[in-house]
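Colleague: Got run16.pdb for you, PDB, C-alpha atoms:
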MODEL        1
ATOM      1  CA  MET A1215     -44.515  36.831 -87.215  1.00  0.00           C
ATOM      2  CA  PRO A1216     -46.511  37.146 -90.417  1.00  0.00           C
ATOM      3  CA  TYR A1217     -50.281  36.937 -90.297  1.00  0.00           C
ATOM      4  CA  HIS A1218     -52.201  34.330 -92.201  1.00  0.00           C
ATOM      5  CA  GLU A1219     -52.318  35.290 -95.843  1.00  0.00           C
ATOM      6  CA  MET A1220     -56.096  35.118 -95.870  1.00  0.00           C
ATOM      7  CA  MET A1221     -56.217  38.037 -93.424  1.00  0.00           C
ATOM      8  CA  VAL A1222     -53.763  40.109 -95.375  1.00  0.00           C
ATOM      9  CA  LYS A1223     -55.135  39.558 -98.849  1.00  0.00           C
ATOM     10  CA  PRO A1224     -57.801  42.295 -98.664  1.00  0.00           C
ATOM     11  CA  MET A1225     -55.162  44.794 -97.565  1.00  0.00           C
ATOM     12  CA  ARG A1226     -52.968  43.862-100.488  1.00  0.00           C
ATOM     13  CA  GLU A1227     -55.884  44.110-102.875  1.00  0.00           C
ATOM     14  CA  GLU A1228     -56.883  47.520-101.557  1.00  0.00           C
ATOM     15  CA  LEU A1229     -53.710  48.763-103.234  1.00  0.00           C
ATOM     16  CA  THR A1230     -53.282  46.435-106.199  1.00  0.00           C
ATOM     17  CA  ARG A1231     -56.742  47.293-107.493  1.00  0.00           C
ATOM     18  CA  LEU A1232     -55.522  50.894-107.728  1.00  0.00           C
ATOM     19  CA  GLY A1233     -52.817  49.771-110.110  1.00  0.00           C
ATOM     20  CA  VAL A1234     -50.114  49.631-107.453  1.00  0.00           C
ATOM     21  CA  GLN A1235     -47.626  46.870-108.237  1.00  0.00           C
ATOM     22  CA  GLU A1236     -46.846  44.627-105.329  1.00  0.00           C
ATOM     23  CA  LEU A1237     -43.197  43.684-104.813  1.00  0.00           C
ATOM     24  CA  ARG A1238     -43.049  40.365-103.005  1.00  0.00           C
ATOM     25  CA  THR A1239     -39.370  39.416-103.387  1.00  0.00           C
ATOM     26  CA  VAL A1240     -35.956  41.027-103.327  1.00  0.00           C
ATOM     27  CA  ALA A1241     -35.714  40.446-107.048  1.00  0.00           C
ATOM     28  CA  ASP A1242     -39.042  42.207-107.558  1.00  0.00           C
ATOM     29  CA  VAL A1243     -37.789  45.191-105.581  1.00  0.00           C
ATOM     30  CA  ASP A1244     -34.499  45.463-107.400  1.00  0.00           C
ATOM     31  CA  ALA A1245     -36.120  45.122-110.780  1.00  0.00           C
ATOM     32  CA  ALA A1246     -38.506  47.918-109.914  1.00  0.00           C
ATOM     33  CA  LEU A1247     -36.272  50.346-108.051  1.00  0.00           C
ATOM     34  CA  SER A1248     -32.701  49.798-109.174  1.00  0.00           C
ATOM     35  CA  PRO A1249     -33.116  51.603-112.507  1.00  0.00           C
ATOM     36  CA  GLY A1250     -33.804  54.748-110.470  1.00  0.00           C
ATOM     37  CA  GLU A1251     -35.434  56.575-113.339  1.00  0.00           C
ATOM     38  CA  GLY A1252     -38.435  58.823-113.158  1.00  0.00           C
ATOM     39  CA  THR A1253     -40.751  59.109-110.198  1.00  0.00           C
ATOM     40  CA  ALA A1254     -41.762  56.157-108.078  1.00  0.00           C
ATOM     41  CA  LEU A1255     -43.998  55.881-105.054  1.00  0.00           C
ATOM     42  CA  VAL A1256     -43.352  53.059-102.599  1.00  0.00           C
ATOM     43  CA  PHE A1257     -46.153  52.395-100.136  1.00  0.00           C
ATOM     44  CA  VAL A1258     -44.996  50.326 -97.157  1.00  0.00           C
ATOM     45  CA  ASN A1259     -48.191  48.559 -96.278  1.00  0.00           C
ATOM     46  CA  SER A1260     -49.054  47.394 -92.782  1.00  0.00           C
ATOM     47  CA  ILE A1261     -51.560  45.274 -90.968  1.00  0.00           C
ATOM     48  CA  CYS A1262     -52.016  48.118 -88.447  1.00  0.00           C
ATOM     49  CA  GLY A1263     -55.657  49.100 -88.549  1.00  0.00           C
ATOM     50  CA  CYS A1264     -55.425  52.532 -87.021  1.00  0.00           C
ATOM     51  CA  ALA A1265     -52.711  53.911 -89.307  1.00  0.00           C
ATOM     52  CA  ALA A1266     -52.749  51.796 -92.445  1.00  0.00           C
ATOM     53  CA  GLY A1267     -56.531  51.811 -92.346  1.00  0.00           C
ATOM     54  CA  GLY A1268     -56.285  55.517 -93.100  1.00  0.00           C
ATOM     55  CA  ALA A1269     -53.270  55.444 -95.371  1.00  0.00           C
ATOM     56  CA  ARG A1270     -54.618  53.017 -97.970  1.00  0.00           C
ATOM     57  CA  PRO A1271     -57.826  54.988 -98.595  1.00  0.00           C
ATOM     58  CA  ALA A1272     -55.712  58.129 -98.675  1.00  0.00           C
ATOM     59  CA  LEU A1273     -53.637  56.762-101.518  1.00  0.00           C
ATOM     60  CA  ALA A1274     -56.816  55.786-103.333  1.00  0.00           C
ATOM     61  CA  LEU A1275     -58.161  59.314-102.937  1.00  0.00           C
ATOM     62  CA  ALA A1276     -54.909  60.859-104.139  1.00  0.00           C
ATOM     63  CA  LEU A1277     -54.646  58.612-107.176  1.00  0.00           C
ATOM     64  CA  GLY A1278     -58.264  59.304-108.025  1.00  0.00           C
ATOM     65  CA  GLN A1279     -57.555  62.990-108.556  1.00  0.00           C
ATOM     66  CA  GLU A1280     -56.547  64.664-111.779  1.00  0.00           C
ATOM     67  CA  GLY A1281     -53.035  66.031-111.985  1.00  0.00           C
ATOM     68  CA  PRO A1282     -49.455  64.906-111.681  1.00  0.00           C
ATOM     69  CA  ARG A1283     -48.772  61.541-110.136  1.00  0.00           C
ATOM     70  CA  PRO A1284     -45.783  59.212-109.878  1.00  0.00           C
ATOM     71  CA  GLN A1285     -44.862  57.250-112.971  1.00  0.00           C
ATOM     72  CA  HIS A1286     -44.456  54.062-110.979  1.00  0.00           C
ATOM     73  CA  LEU A1287     -46.533  52.838-108.054  1.00  0.00           C
ATOM     74  CA  TYR A1288     -45.162  50.073-105.855  1.00  0.00           C
ATOM     75  CA  THR A1289     -45.962  48.490-102.522  1.00  0.00           C
ATOM     76  CA  VAL A1290     -44.273  46.147-100.099  1.00  0.00           C
ATOM     77  CA  PHE A1291     -45.951  44.638 -97.062  1.00  0.00           C
ATOM     78  CA  ALA A1292     -44.123  45.127 -93.766  1.00  0.00           C
ATOM     79  CA  GLY A1293     -44.321  42.185 -91.397  1.00  0.00           C
ATOM     80  CA  GLN A1294     -45.427  39.915 -94.223  1.00  0.00           C
ATOM     81  CA  ASP A1295     -42.929  40.036 -97.067  1.00  0.00           C
ATOM     82  CA  LEU A1296     -39.942  40.578 -94.832  1.00  0.00           C
ATOM     83  CA  ASP A1297     -37.085  40.339 -97.314  1.00  0.00           C
ATOM     84  CA  ALA A1298     -38.783  42.460 -99.929  1.00  0.00           C
ATOM     85  CA  THR A1299     -39.623  45.116 -97.348  1.00  0.00           C
ATOM     86  CA  ALA A1300     -36.070  45.215 -96.026  1.00  0.00           C
ATOM     87  CA  ARG A1301     -34.764  45.543 -99.569  1.00  0.00           C
ATOM     88  CA  ALA A1302     -37.186  48.313-100.417  1.00  0.00           C
ATOM     89  CA  ARG A1303     -36.178  50.179 -97.280  1.00  0.00           C
ATOM     90  CA  SER A1304     -32.562  49.984 -98.397  1.00  0.00           C
ATOM     91  CA  TYR A1305     -33.510  52.381-101.195  1.00  0.00           C
ATOM     92  CA  PHE A1306     -34.494  54.972 -98.571  1.00  0.00           C
ATOM     93  CA  ALA A1307     -32.110  53.896 -95.865  1.00  0.00           C
ATOM     94  CA  GLU A1308     -31.647  57.338 -94.339  1.00  0.00           C
ATOM     95  CA  TYR A1309     -35.212  57.045 -93.077  1.00  0.00           C
ATOM     96  CA  GLN A1310     -35.931  54.875 -90.059  1.00  0.00           C
ATOM     97  CA  PRO A1311     -38.294  51.991 -90.735  1.00  0.00           C
ATOM     98  CA  SER A1312     -41.930  52.602 -89.982  1.00  0.00           C
ATOM     99  CA  SER A1313     -45.133  51.246 -91.346  1.00  0.00           C
ATOM    100  CA  PRO A1314     -47.295  52.308 -92.884  1.00  0.00           C
ATOM    101  CA  SER A1315     -45.154  54.852 -94.653  1.00  0.00           C
ATOM    102  CA  VAL A1316     -44.784  56.244 -98.136  1.00  0.00           C
ATOM    103  CA  ALA A1317     -41.611  57.121-100.009  1.00  0.00           C
ATOM    104  CA  LEU A1318     -41.629  59.207-103.151  1.00  0.00           C
ATOM    105  CA  LEU A1319     -38.472  58.852-105.205  1.00  0.00           C
ATOM    106  CA  ARG A1320     -37.340  60.806-108.190  1.00  0.00           C
ATOM    107  CA  ASP A1321     -34.470  59.415-110.235  1.00  0.00           C
ATOM    108  CA  GLY A1322     -33.559  57.195-107.303  1.00  0.00           C
ATOM    109  CA  GLU A1323     -33.507  59.989-104.704  1.00  0.00           C
ATOM    110  CA  VAL A1324     -36.066  60.341-101.945  1.00  0.00           C
ATOM    111  CA  VAL A1325     -37.854  63.640-102.470  1.00  0.00           C
ATOM    112  CA  HIS A1326     -40.700  63.141-100.013  1.00  0.00           C
ATOM    113  CA  PHE A1327     -41.348  60.755 -97.158  1.00  0.00           C
ATOM    114  CA  VAL A1328     -44.513  60.211 -95.173  1.00  0.00           C
ATOM    115  CA  HIS A1329     -43.754  58.632 -91.824  1.00  0.00           C
ATOM    116  CA  ARG A1330     -46.209  56.707 -89.752  1.00  0.00           C
ATOM    117  CA  HIS A1331     -46.430  59.597 -87.298  1.00  0.00           C
ATOM    118  CA  MET A1332     -47.673  61.792 -90.162  1.00  0.00           C
ATOM    119  CA  ILE A1333     -50.501  59.315 -90.791  1.00  0.00           C
ATOM    120  CA  GLU A1334     -51.654  58.390 -87.287  1.00  0.00           C
ATOM    121  CA  GLY A1335     -54.972  59.854 -86.220  1.00  0.00           C
ATOM    122  CA  ARG A1336     -55.492  61.760 -89.461  1.00  0.00           C
ATOM    123  CA  SER A1337     -58.315  61.456 -91.942  1.00  0.00           C
ATOM    124  CA  PRO A1338     -57.694  59.850 -95.344  1.00  0.00           C
ATOM    125  CA  GLN A1339     -58.608  63.218 -96.881  1.00  0.00           C
ATOM    126  CA  GLY A1340     -55.886  64.985 -94.932  1.00  0.00           C
ATOM    127  CA  ILE A1341     -53.251  62.408 -95.810  1.00  0.00           C
ATOM    128  CA  ALA A1342     -54.356  62.462 -99.447  1.00  0.00           C
ATOM    129  CA  ALA A1343     -53.972  66.228 -99.534  1.00  0.00           C
ATOM    130  CA  ASP A1344     -50.376  65.879 -98.389  1.00  0.00           C
ATOM    131  CA  LEU A1345     -49.699  63.225-101.041  1.00  0.00           C
ATOM    132  CA  LEU A1346     -51.220  65.404-103.735  1.00  0.00           C
ATOM    133  CA  ALA A1347     -49.065  68.327-102.672  1.00  0.00           C
ATOM    134  CA  ALA A1348     -45.999  66.111-102.964  1.00  0.00           C
ATOM    135  CA  PHE A1349     -47.118  64.867-106.382  1.00  0.00           C
ATOM    136  CA  SER A1350     -47.532  68.462-107.526  1.00  0.00           C
ATOM    137  CA  ARG A1351     -44.066  69.379-106.319  1.00  0.00           C
ATOM    138  CA  HIS A1352     -42.173  66.384-107.596  1.00  0.00           C
ATOM    139  CA  CYS A1353     -44.099  64.676-110.382  1.00  0.00           C
ATOM    140  CA  GLU A1354     -44.483  66.218-113.783  1.00  0.00           C
ATOM    141  CA  ALA A1355     -47.851  66.563-115.409  1.00  0.00           C
ATOM    142  CA  GLY A1356     -48.130  64.345-118.424  1.00  0.00           C
ATOM    143  CA  ARG A1357     -45.747  61.780-116.948  1.00  0.00           C
ATOM    144  CA  SER A1358     -48.459  59.845-115.251  1.00  0.00           C
ATOM    145  CA  GLY A1359     -48.419  56.339-113.930  1.00  0.00           C
ATOM    146  CA  PRO A1360     -51.118  53.712-114.391  1.00  0.00           C
TER     147      PRO A1360
ATOM    148  CA  MET B 441     -54.129  61.477 -61.893  1.00  0.00           C
ATOM    149  CA  LEU B 442     -54.006  60.555 -65.555  1.00  0.00           C
ATOM    150  CA  HIS B 443     -56.542  62.139 -67.840  1.00  0.00           C
ATOM    151  CA  PRO B 444     -58.971  59.797 -69.593  1.00  0.00           C
ATOM    152  CA  GLU B 445     -58.499  61.690 -72.844  1.00  0.00           C
ATOM    153  CA  ARG B 446     -54.948  60.420 -72.988  1.00  0.00           C
ATOM    154  CA  GLU B 447     -56.331  57.064 -74.043  1.00  0.00           C
ATOM    155  CA  GLU B 448     -57.345  58.763 -77.276  1.00  0.00           C
ATOM    156  CA  LEU B 449     -53.640  58.807 -77.978  1.00  0.00           C
ATOM    157  CA  HIS B 450     -53.549  55.025 -78.272  1.00  0.00           C
ATOM    158  CA  GLY B 451     -51.487  54.154 -81.322  1.00  0.00           C
ATOM    159  CA  ILE B 452     -50.220  57.701 -81.773  1.00  0.00           C
ATOM    160  CA  THR B 453     -46.535  58.578 -81.704  1.00  0.00           C
ATOM    161  CA  VAL B 454     -45.974  61.118 -78.952  1.00  0.00           C
ATOM    162  CA  VAL B 455     -43.268  63.168 -77.298  1.00  0.00           C
ATOM    163  CA  VAL B 456     -43.223  62.762 -73.533  1.00  0.00           C
ATOM    164  CA  GLU B 457     -41.446  65.475 -71.634  1.00  0.00           C
ATOM    165  CA  GLY B 458     -40.430  64.626 -68.101  1.00  0.00           C
ATOM    166  CA  HIS B 459     -40.262  66.954 -65.123  1.00  0.00           C
ATOM    167  CA  ALA B 460     -36.560  66.272 -64.782  1.00  0.00           C
ATOM    168  CA  GLY B 461     -35.815  67.244 -68.372  1.00  0.00           C
ATOM    169  CA  GLY B 462     -36.013  63.797 -69.936  1.00  0.00           C
ATOM    170  CA  PHE B 463     -37.599  63.298 -73.352  1.00  0.00           C
ATOM    171  CA  TRP B 464     -39.023  60.127 -74.850  1.00  0.00           C
ATOM    172  CA  VAL B 465     -40.608  59.516 -78.229  1.00  0.00           C
ATOM    173  CA  GLY B 466     -42.756  56.452 -78.759  1.00  0.00           C
ATOM    174  CA  ARG B 467     -46.160  55.122 -79.627  1.00  0.00           C
ATOM    175  CA  PHE B 468     -48.630  55.729 -76.826  1.00  0.00           C
ATOM    176  CA  HIS B 469     -50.202  52.450 -75.764  1.00  0.00           C
ATOM    177  CA  GLU B 470     -52.108  52.843 -72.505  1.00  0.00           C
ATOM    178  CA  THR B 471     -52.126  54.074 -68.974  1.00  0.00           C
ATOM    179  CA  ILE B 472     -51.604  51.633 -66.144  1.00  0.00           C
ATOM    180  CA  PRO B 473     -51.393  52.250 -62.401  1.00  0.00           C
ATOM    181  CA  ARG B 474     -47.621  52.622 -62.610  1.00  0.00           C
ATOM    182  CA  GLY B 475     -47.676  55.202 -65.376  1.00  0.00           C
ATOM    183  CA  ILE B 476     -47.979  55.517 -69.122  1.00  0.00           C
ATOM    184  CA  VAL B 477     -46.875  52.806 -71.485  1.00  0.00           C
ATOM    185  CA  LEU B 478     -45.022  53.656 -74.681  1.00  0.00           C
ATOM    186  CA  LEU B 479     -44.110  51.154 -77.365  1.00  0.00           C
ATOM    187  CA  ASP B 480     -41.200  51.331 -79.828  1.00  0.00           C
ATOM    188  CA  VAL B 481     -39.420  54.011 -77.896  1.00  0.00           C
ATOM    189  CA  GLY B 482     -36.388  56.226 -78.230  1.00  0.00           C
ATOM    190  CA  ARG B 483     -35.034  58.343 -75.381  1.00  0.00           C
ATOM    191  CA  HIS B 484     -33.086  61.542 -75.733  1.00  0.00           C
ATOM    192  CA  ASP B 485     -29.478  61.227 -74.693  1.00  0.00           C
ATOM    193  CA  PRO B 486     -28.695  64.139 -72.374  1.00  0.00           C
ATOM    194  CA  ALA B 487     -24.933  63.566 -72.506  1.00  0.00           C
ATOM    195  CA  PRO B 488     -22.715  66.603 -73.154  1.00  0.00           C
ATOM    196  CA  GLY B 489     -22.169  67.027 -76.873  1.00  0.00           C
ATOM    197  CA  ALA B 490     -25.325  65.150 -77.798  1.00  0.00           C
ATOM    198  CA  PRO B 491     -28.012  66.974 -79.805  1.00  0.00           C
ATOM    199  CA  SER B 492     -30.427  69.098 -77.808  1.00  0.00           C
ATOM    200  CA  PRO B 493     -33.869  67.585 -77.224  1.00  0.00           C
ATOM    201  CA  GLU B 494     -35.289  69.953 -79.830  1.00  0.00           C
ATOM    202  CA  ALA B 495     -32.723  68.931 -82.441  1.00  0.00           C
ATOM    203  CA  TRP B 496     -33.228  65.274 -81.599  1.00  0.00           C
ATOM    204  CA  ILE B 497     -36.997  65.534 -82.002  1.00  0.00           C
ATOM    205  CA  ASP B 498     -36.744  67.565 -85.194  1.00  0.00           C
ATOM    206  CA  ARG B 499     -34.525  64.885 -86.675  1.00  0.00           C
ATOM    207  CA  ILE B 500     -37.096  62.240 -85.715  1.00  0.00           C
ATOM    208  CA  ARG B 501     -39.788  64.273 -87.445  1.00  0.00           C
ATOM    209  CA  ARG B 502     -37.704  64.308 -90.623  1.00  0.00           C
ATOM    210  CA  PHE B 503     -36.101  60.892 -90.661  1.00  0.00           C
ATOM    211  CA  GLY B 504     -38.124  58.811 -88.245  1.00  0.00           C
ATOM    212  CA  LEU B 505     -37.438  57.258 -84.883  1.00  0.00           C
ATOM    213  CA  ARG B 506     -34.643  54.819 -84.194  1.00  0.00           C
ATOM    214  CA  VAL B 507     -36.287  52.412 -81.774  1.00  0.00           C
ATOM    215  CA  GLU B 508     -34.163  51.573 -78.740  1.00  0.00           C
ATOM    216  CA  GLU B 509     -36.686  49.823 -76.497  1.00  0.00           C
ATOM    217  CA  HIS B 510     -39.841  47.949 -77.324  1.00  0.00           C
ATOM    218  CA  ARG B 511     -41.789  48.984 -74.193  1.00  0.00           C
ATOM    219  CA  VAL B 512     -41.221  51.673 -71.610  1.00  0.00           C
ATOM    220  CA  VAL B 513     -43.320  52.623 -68.600  1.00  0.00           C
ATOM    221  CA  ILE B 514     -42.901  56.239 -67.502  1.00  0.00           C
ATOM    222  CA  PRO B 515     -44.161  56.899 -63.977  1.00  0.00           C
ATOM    223  CA  THR B 516     -47.079  59.289 -63.921  1.00  0.00           C
ATOM    224  CA  GLN B 517     -45.398  61.682 -61.526  1.00  0.00           C
ATOM    225  CA  ASP B 518     -42.471  62.048 -63.932  1.00  0.00           C
ATOM    226  CA  VAL B 519     -44.611  63.204 -66.850  1.00  0.00           C
ATOM    227  CA  GLN B 520     -44.789  66.930 -67.441  1.00  0.00           C
ATOM    228  CA  ALA B 521     -46.309  66.995 -70.932  1.00  0.00           C
ATOM    229  CA  ILE B 522     -47.411  64.679 -73.724  1.00  0.00           C
ATOM    230  CA  THR B 523     -47.530  66.035 -77.271  1.00  0.00           C
ATOM    231  CA  ARG B 524     -48.279  64.325 -80.550  1.00  0.00           C
ATOM    232  CA  LEU B 525     -45.050  64.157 -82.503  1.00  0.00           C
ATOM    233  CA  SER B 526     -46.876  65.560 -85.508  1.00  0.00           C
ATOM    234  CA  ASP B 527     -47.890  68.580 -83.393  1.00  0.00           C
ATOM    235  CA  TRP B 528     -44.463  69.123 -81.880  1.00  0.00           C
ATOM    236  CA  ARG B 529     -43.119  72.627 -82.252  1.00  0.00           C
ATOM    237  CA  VAL B 530     -39.850  73.903 -80.887  1.00  0.00           C
ATOM    238  CA  ARG B 531     -40.662  76.208 -78.010  1.00  0.00           C
ATOM    239  CA  ALA B 532     -39.260  79.722 -78.165  1.00  0.00           C
TER     240      ALA B 532
ENDMDL
END
Do you think you could lay out the structure here as C-alpha cells?
Modeller:
Amino acid sequence: MPYHEMMVKPMREELTRLGVQELRTVADVDAALSPGEGTALVFVNSICGCAAGGARPALALALGQEGPRPQHLYTVFAGQDLDATARARSYFAEYQPSSPSVALLRDGEVVHFVHRHMIEGRSPQGIAADLLAAFSRHCEAGRSGP
Amino acid sequence: MLHPEREELHGITVVVEGHAGGFWVGRFHETIPRGIVLLDVGRHDPAPGAPSPEAWIDRIRRFGLRVEEHRVVIPTQDVQAITRLSDWRVRA
C-alpha cells in the first residue's frame, strides 16, 4: 500500500534535484525507454531507509564526479507508482524485482544491474564507486546526461 | 544460542545454510525464540536435476531472488551458517 505522498516527496526530490527524470506513468516509461537509444540509468527508488537511504546519496556522489555518465537518468518509485514501476521493470525483465535497484541500459540492453543485495549495509561511497566503474565501462565520455 | 551480532544483519539479504543441506536466501529480519526470521525468501530445490545450491545462489547474485514466501522461520538448531549474499563465495 503506497505511503502518503507527503512522506515520499523528499525521497523523490533527492533524485529529481540531481536532474533525474521521474517516470510516474506507463506512458512516461514507454516514452523514455522504448526508443532504446544511447545509455540510460533507471533508479528504482524505495521507501526503505536502510537500503535506499544509502543508494540515493550514492547516485548523487556518482553524478557529482567528472567522467562518463549515462545520457539519460530516470527513476520510478517502487511501492508508490505501481504501474510505472512494473512497466519499467519490463525493460529489464530478466532481473527479479528488488528495490532499491539500479539498471544501466545501453541501446535498450541491460549492461549493468545493481541489486538491492549489492546496496544493503554498504556506504554511499562504496556504492558510488561501483556506479562510477559501470559508467566508465559502458558510457562514453562526451556523451553526458544532464 | 543465537549470537547478538546477527541482529546487525537486519535488513540484509543473507544465505542461510542448514545442517541438513538446505539453503535459503532472504532478508534477515530478526531472531525469535523459535529461530531466525527471514523475509522475502527463496529456498533451494534439492530435487534431482535441479541446479546445485552454488549454481542457484550464483544465479540469484546475478539476476536477483525470485521470492517464494514472504516470511520463513528457520529453527535455530537447523542453522549451520549465515552469510551475506554479497559476501557469498562458492566453496572449493
Colleague: Skip segment 1337-1349 of chain A itself and residues of its chain fewer than 2 positions away, then list as a list of chain:residue names all residues within 6 Å of it, counting only C-alpha atoms.
Modeller: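 Once the adjacent positions are removed, what remains is A:Gly1268, A:Pro1271, A:Ala1272, A:Ala1276, A:Pro1282, A:Arg1283, A:Arg1351, A:His1352, A:Cys1353.
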Colleague: The selected residues should be written to file as a PDB file, in the frame of the given file (atoms: C-alpha atoms).
Modeller:
ATOM      1  CA  GLY A1268     -56.285  55.517 -93.100  1.00  0.00           C
ATOM      2  CA  PRO A1271     -57.826  54.988 -98.595  1.00  0.00           C
ATOM      3  CA  ALA A1272     -55.712  58.129 -98.675  1.00  0.00           C
ATOM      4  CA  ALA A1276     -54.909  60.859-104.139  1.00  0.00           C
ATOM      5  CA  PRO A1282     -49.455  64.906-111.681  1.00  0.00           C
ATOM      6  CA  ARG A1283     -48.772  61.541-110.136  1.00  0.00           C
ATOM      7  CA  ARG A1351     -44.066  69.379-106.319  1.00  0.00           C
ATOM      8  CA  HIS A1352     -42.173  66.384-107.596  1.00  0.00           C
ATOM      9  CA  CYS A1353     -44.099  64.676-110.382  1.00  0.00           C
TER      10      CYS A1353
END
Colleague: Between atom CA of Trp528 of chain B and atom CA of Phe463 of chain B, what is the distance, to one decimal in Å?
Modeller: 12.4 Å
Colleague: Could you check which of A:Thr1253, A:Ser1304, A:Thr1230, A:Ser1248 is closest to Thr1289 of chain A, using only C-alpha atoms?
Modeller: A:Thr1230
Colleague: Here is a test: counting all atoms listed in the file, which residue of A:Gly1322, A:Gly1233, A:Pro1311, A:Gly1250 is nearest to chain B?
Modeller: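 Closest to chain B, using all atoms listed in the file: A:Pro1311.
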Colleague: Applied to the shown file, which residues does the PyMOL selection byres ((chain B) within 12 of (chain A)) return, written as a ChimeraX atom specification?
Modeller: /B:448-455,465-468,480,482,499-508,523-528
Colleague: Just how far from atom CA of Gln1285 of chain A is atom CA of Lys1223 of chain A, in Å to one decimal?
Modeller: 24.9 Å
Colleague: Quick one: apply the PyMOL selection byres ((chain B and resi 512) around 6) to the file and drop the selected residues here as a list in words.
Modeller: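 Against this file, the PyMOL selection byres ((chain B and resi 512) around 6) returns the residues Val477, Leu478, Arg511 and Val513 of chain B.
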Colleague: Quick one: write out the picked residues with C-alpha atoms as a PDB file, keeping the file's coordinate frame?
Modeller:
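Result saved to result.pdb:
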ATOM      1  CA  VAL B 477     -46.875  52.806 -71.485  1.00  0.00           C
ATOM      2  CA  LEU B 478     -45.022  53.656 -74.681  1.00  0.00           C
ATOM      3  CA  ARG B 511     -41.789  48.984 -74.193  1.00  0.00           C
ATOM      4  CA  VAL B 513     -43.320  52.623 -68.600  1.00  0.00           C
TER       5      VAL B 513
END
Colleague: Do you know which residues lie at most 8 Å from (-34.1, 43.7, -103.3), with coordinates as in the file and all atoms listed in the file counted, and could you write them as a ChimeraX atom specification?
Modeller: /A:1239-1245,1297-1298,1300-1302
Colleague: Could you state the separation of atom CA of Phe1306 of chain A and atom CA of Leu1247 of chain A in Å, given to one decimal place?
Modeller: 10.7 Å
Colleague: Would you place a box with edges along x, y and z of the file around all atoms of segment 1222-1236 of chain A listed there, add 6 Å to each of its six sides, and report the centre and edge lengths in Å to one decimal, as JSON?
Modeller:
{"center_x": -52.3, "center_y": 45.2, "center_z": -102.7, "size_x": 23.0, "size_y": 23.3, "size_z": 26.7}
Colleague: Which of these residues is nearest to Leu1318 of chain A, using only C-alpha atoms: A:Glu1227, A:Tyr1305, A:Met1220, A:Leu1232?
Modeller: A:Tyr1305
Colleague: Here is a test: counting only C-alpha atoms, which residue of A:Leu1255, A:Ala1246, A:Ile1261, A:Leu1319 is nearest to His1218 of chain A?
Modeller: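 Of A:Leu1255, A:Ala1246, A:Ile1261, A:Leu1319, the one nearest His1218 of chain A, counting only C-alpha atoms, is A:Ile1261.
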Colleague: Give me, as a list in words, all polymer residues having an atom no more than 12 Å from Gly461 of chain B, counting only C-alpha atoms and skipping those fewer than 2 positions away in the same chain.
Modeller: Val456, Glu457, Gly458, His459, Phe463, Trp464, Arg483, His484, Asp485, Pro486, Ser492, Pro493, Glu494, Asp518, Val519, Gln520 and Ala521 of chain B
Colleague: Could you rebuild segment 466-479 of chain B with N, CA and C atoms and give it back as a PDB file, in the coordinates of the input?
Modeller:
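Saved file part03.pdb follows:
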ATOM      1  N   GLY B 466     -42.287  57.825 -78.557  1.00  0.00           N
ATOM      2  CA  GLY B 466     -42.756  56.452 -78.759  1.00  0.00           C
ATOM      3  C   GLY B 466     -44.241  56.449 -79.048  1.00  0.00           C
ATOM      4  N   ARG B 467     -44.736  55.267 -79.305  1.00  0.00           N
ATOM      5  CA  ARG B 467     -46.160  55.122 -79.627  1.00  0.00           C
ATOM      6  C   ARG B 467     -46.937  54.902 -78.334  1.00  0.00           C
ATOM      7  N   PHE B 468     -47.842  55.835 -78.049  1.00  0.00           N
ATOM      8  CA  PHE B 468     -48.630  55.729 -76.826  1.00  0.00           C
ATOM      9  C   PHE B 468     -49.477  54.459 -76.886  1.00  0.00           C
ATOM     10  N   HIS B 469     -49.422  53.692 -75.787  1.00  0.00           N
ATOM     11  CA  HIS B 469     -50.202  52.450 -75.764  1.00  0.00           C
ATOM     12  C   HIS B 469     -51.363  52.539 -74.783  1.00  0.00           C
ATOM     13  N   GLU B 470     -51.041  52.825 -73.512  1.00  0.00           N
ATOM     14  CA  GLU B 470     -52.108  52.843 -72.505  1.00  0.00           C
ATOM     15  C   GLU B 470     -51.583  53.471 -71.222  1.00  0.00           C
ATOM     16  N   THR B 471     -52.512  53.710 -70.326  1.00  0.00           N
ATOM     17  CA  THR B 471     -52.126  54.074 -68.974  1.00  0.00           C
ATOM     18  C   THR B 471     -52.384  52.885 -68.069  1.00  0.00           C
ATOM     19  N   ILE B 472     -51.457  52.676 -67.146  1.00  0.00           N
ATOM     20  CA  ILE B 472     -51.604  51.633 -66.144  1.00  0.00           C
ATOM     21  C   ILE B 472     -51.329  52.286 -64.790  1.00  0.00           C
ATOM     22  N   PRO B 473     -51.603  51.606 -63.703  1.00  0.00           N
ATOM     23  CA  PRO B 473     -51.393  52.250 -62.401  1.00  0.00           C
ATOM     24  C   PRO B 473     -49.975  52.805 -62.215  1.00  0.00           C
ATOM     25  N   ARG B 474     -49.008  52.168 -62.812  1.00  0.00           N
ATOM     26  CA  ARG B 474     -47.621  52.622 -62.610  1.00  0.00           C
ATOM     27  C   ARG B 474     -47.265  53.826 -63.469  1.00  0.00           C
ATOM     28  N   GLY B 475     -48.043  54.081 -64.512  1.00  0.00           N
ATOM     29  CA  GLY B 475     -47.676  55.202 -65.376  1.00  0.00           C
ATOM     30  C   GLY B 475     -48.223  55.033 -66.781  1.00  0.00           C
ATOM     31  N   ILE B 476     -47.539  55.645 -67.739  1.00  0.00           N
ATOM     32  CA  ILE B 476     -47.979  55.517 -69.122  1.00  0.00           C
ATOM     33  C   ILE B 476     -47.054  54.552 -69.853  1.00  0.00           C
ATOM     34  N   VAL B 477     -47.631  53.818 -70.757  1.00  0.00           N
ATOM     35  CA  VAL B 477     -46.875  52.806 -71.485  1.00  0.00           C
ATOM     36  C   VAL B 477     -46.651  53.295 -72.912  1.00  0.00           C
ATOM     37  N   LEU B 478     -45.388  53.352 -73.301  1.00  0.00           N
ATOM     38  CA  LEU B 478     -45.022  53.656 -74.681  1.00  0.00           C
ATOM     39  C   LEU B 478     -44.428  52.412 -75.319  1.00  0.00           C
ATOM     40  N   LEU B 479     -44.700  52.249 -76.604  1.00  0.00           N
ATOM     41  CA  LEU B 479     -44.110  51.154 -77.365  1.00  0.00           C
ATOM     42  C   LEU B 479     -43.169  51.723 -78.429  1.00  0.00           C
TER      43      LEU B 479
END
